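**Q** One structure follows; several queries about it will come next.
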Amino acid sequence: MSAAIIDGKAFAEGLRGRVADLVPDFVATAGRQPGLTVVLVGEDPASSVYVRSKGKATEAAGMKSDTIILPADTSEDDLLNLVRKLNADATVDGILVQLPLPRQINENAVIATIDPNKDVDGFHPVNAGRLATGLHGFVPCTPLGCLMLLKDRLGDLSGKDAVVIGRSNIVGKPMAQLLLGESCTVTIAHSKTKDLPAVVRRADIVIAAVGRPEMIKADWIKPGAAVIDVGINRIDAGERKTKLVGDVAFDEVSQVAGAITPVPGGVGPMTIAVLLRNTLVAAHRNEGVPLAKDAI
Ligand code: GUN
């Protein structure tokens with residue numbers, strides 16, 4: 001059997017289009033564009049690429065994009081003061097501080113200083129708590145993107161066995177909360193899990209978010225399962241070339257799974273699309289402008 005390929009790139013383009021279509025109505029009502037400010041500390045090349053593509057995508061959706069680049073030796077106090085200034089700026093709907101941050105800055109202190117209602121990353125403890133208790137808040141972009149792809153493919157997820165491999169605050173834990181919210185039976189597996197292949201073999205839905213290239217093999221997968229690969233790993237491809245692979249051994253797993261996301265072109269493009277969606281939602285909430293619950 002050969003799995004259906006879940007085309008995250010196409011889904012993300014559709015979502016970005018739906019967000020862009022809703023922006024003019026917001027502008028007409030609020031008299032301003034939704035605004036996203038991205039803060040980058042230092043010049044890490046990978047982070048710089050991400051930040052540039054976030055800025056471009058924000059503008060392409062008709063929103064106001066600001067990128068603030070600070071030197072790598074910025075102090076924690078200076079960054080916290082900038083975040084407080086952005087919290088107080090009514091034209092800023094979403095604040096995203098690109099992670100990782102340089103060593104001298106405590107990431108948790110920065111995340112906790114962002115106004116939870118501008119926390120379009122969904123990383124603030126208040127938003128983590130809202131997600132865990134079923135309240136409206138911001139949900140981290142990558143897991144929300146995974147859930148959208150799953151629901152689009154499978155419809156109702158209720159009663160399905162889901163195994164999330166990885167327990168990070170950014171992907172694994174919020175992913176598990178989202179699946180629980182859809183009435184899945186959820187297992188969070190991690191580096192200390194005993195007999196991981198046997199645990200994964202029980203799953204109707206597998207979310208791989210471990211950061212280990214091609215770790216999940218075909219004989220770990222229940223035939224017909226949906227496999228969502230969050231991993232983005234650059235590996236040596238010989239002849240001085242590199243290539244991107246996920247956490248799932250795609251070629252073999254796609255022979256067993258019912259549906260699978262490729263890398264690249266699966267989950268990756270969803271992250272920025274959901275960021276735009278979260279920014280639009282933030283703008284509506286901050287201005288008190290209604291947005292139909294199922295609009296995006
Ligand atoms: N670094 C890598 N991905 C992300 C993300 O989604 N948000 C932030 N703030 N930093 C990141």
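Labels used: A, B, ... for chains in the order of the structure tokens, numbers from 1 for residues in each chain, and numbers from 1 for ligands as shown.
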Neighbouring residues of A:Asn87 were defined as those with any atom within 10 Å, considering only C-alpha atoms; residues of the same chain fewer than 3 positions away were excluded. Please report them as a list in words.

**A** Asn81, Leu82, Val83, Arg84, Ala90, Thr91, Val92, Asp93, Gly94, Ile95, Thr113, Ile114, Asp115, Pro116, Asn117, Lys118 and Asp119 of chain A

**Q** Could you pull out the residues sitting within 10 Å of ligand 1, using only C-alpha atoms and all ligand atoms, and write them as a VMD selection string?

**A** chain A and resid 38 to 40 46 to 47 50 to 51 95 to 101 107 111 119 to 123 140 to 143 170 to 171 268 271 to 272 274 to 275

**Q** Skip A:Leu157 itself and residues of its chain fewer than 3 positions away, then list as number ranges by chain all residues within 10 Å of it, counting only C-alpha atoms.

**A** A: 147, 150-151, 153-154, 160-162, 179-185, 204-205

**Q** Can those selected residues be exported to a file as a short mmCIF file (atom, residue, chain, number, x, y, z; two decimals), in the first residue's frame so that it contains C-alpha atoms?

**A**
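Below is the file out.cif, written as the result:
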```cif
data_model
loop_
_atom_site.label_atom_id
_atom_site.label_comp_id
_atom_site.auth_asym_id
_atom_site.auth_seq_id
_atom_site.Cartn_x
_atom_site.Cartn_y
_atom_site.Cartn_z
CA LEU A 147 -4.18 19.56 13.65
CA LEU A 150 -5.21 15.98 10.27
CA LYS A 151 -8.80 17.22 10.43
CA ARG A 153 -7.60 14.52 5.94
CA LEU A 154 -9.47 12.46 8.54
CA LYS A 160 -8.56 7.71 17.71
CA ASP A 161 -5.32 6.58 19.34
CA ALA A 162 -2.71 9.30 18.93
CA LEU A 179 -5.58 16.04 20.21
CA LEU A 180 -7.10 15.55 23.65
CA GLY A 181 -9.43 18.43 22.83
CA GLU A 182 -10.51 16.44 19.75
CA SER A 183 -11.28 13.45 22.03
CA CYS A 184 -8.32 11.34 20.92
CA THR A 185 -6.69 8.93 23.36
CA ASP A 204 -3.95 5.68 14.41
CA ILE A 205 -2.22 9.08 14.41
#
```

**Q** List every residue of stretch 35-282 of chain A that DSSP, applied to the backbone, labels as strand (DSSP E or B), and write the result as an MDAnalysis selection string.

**A** chainID A and resid 35:41 64:70 94:97 161:165 185:189 205:208 216 226:229 233:238 241:245 248 259:260

**Q** Within 12 Å of A:Pro197, counting only C-alpha atoms, which residues qualify if same-chain residues fewer than 4 places away don't, as a PyMOL selection string?

**A** chain A and resi 163+165+189-190+193+201-203+206+215-222

**Q** Suppose you want the space between atom CA of A:Glu76 and atom CA of A:Gly211; what is it in Å?

**A**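 A separation of 28.1 Å between them.
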
**Q** Find the spatial neighbours of A:Leu280, counting only C-alpha atoms, within a cut-off of 10 Å - ignore same-chain residues fewer than 6 positions away - and output them as a ChimeraX atom specification.

**A** /A:19-20,22-23,26,33-36,61,63,93-94,120,274,286,291,296

**Q** Taking the backbone alone, and naming residues the way the document does, which bits of stretch 14-246 of chain A are helix (DSSP H, G or I) by DSSP, as a PyMOL selection string?

**A** chain A and resi 14-30+45-60+76-88+107-113+116-118+125-133+141-154+172-181+196-201+218-220

**Q** Report, in Å with one decimal, the straight-line distance from atom CA of A:Asp66 to atom CA of A:Gly129.

**A**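 These atoms are spaced 28.4 Å apart.
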
**Q** Name all residues at most 8 Å from A:Thr261 (count only C-alpha atoms; drop same-chain ones fewer than 3 positions away) and give them as an MDAnalysis selection string.

**A** chainID A and resid 5:8 227:229 265:267

**Q** Rounded to one decimal, what separation in Å do you get between atom CA of A:Glu13 and atom CA of A:Asp294?

**A**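 For atom CA of A:Glu13 relative to atom CA of A:Asp294, the distance reads 17.7 Å.
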
**Q** Find, counting only C-alpha atoms, the residue in A:Gly231, A:Gly166, A:Gly31, A:Pro125 that gets nearest to A:Ala109.

**A**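 When distances to A:Ala109 are compared using only C-alpha atoms, the smallest one comes from A:Pro125.
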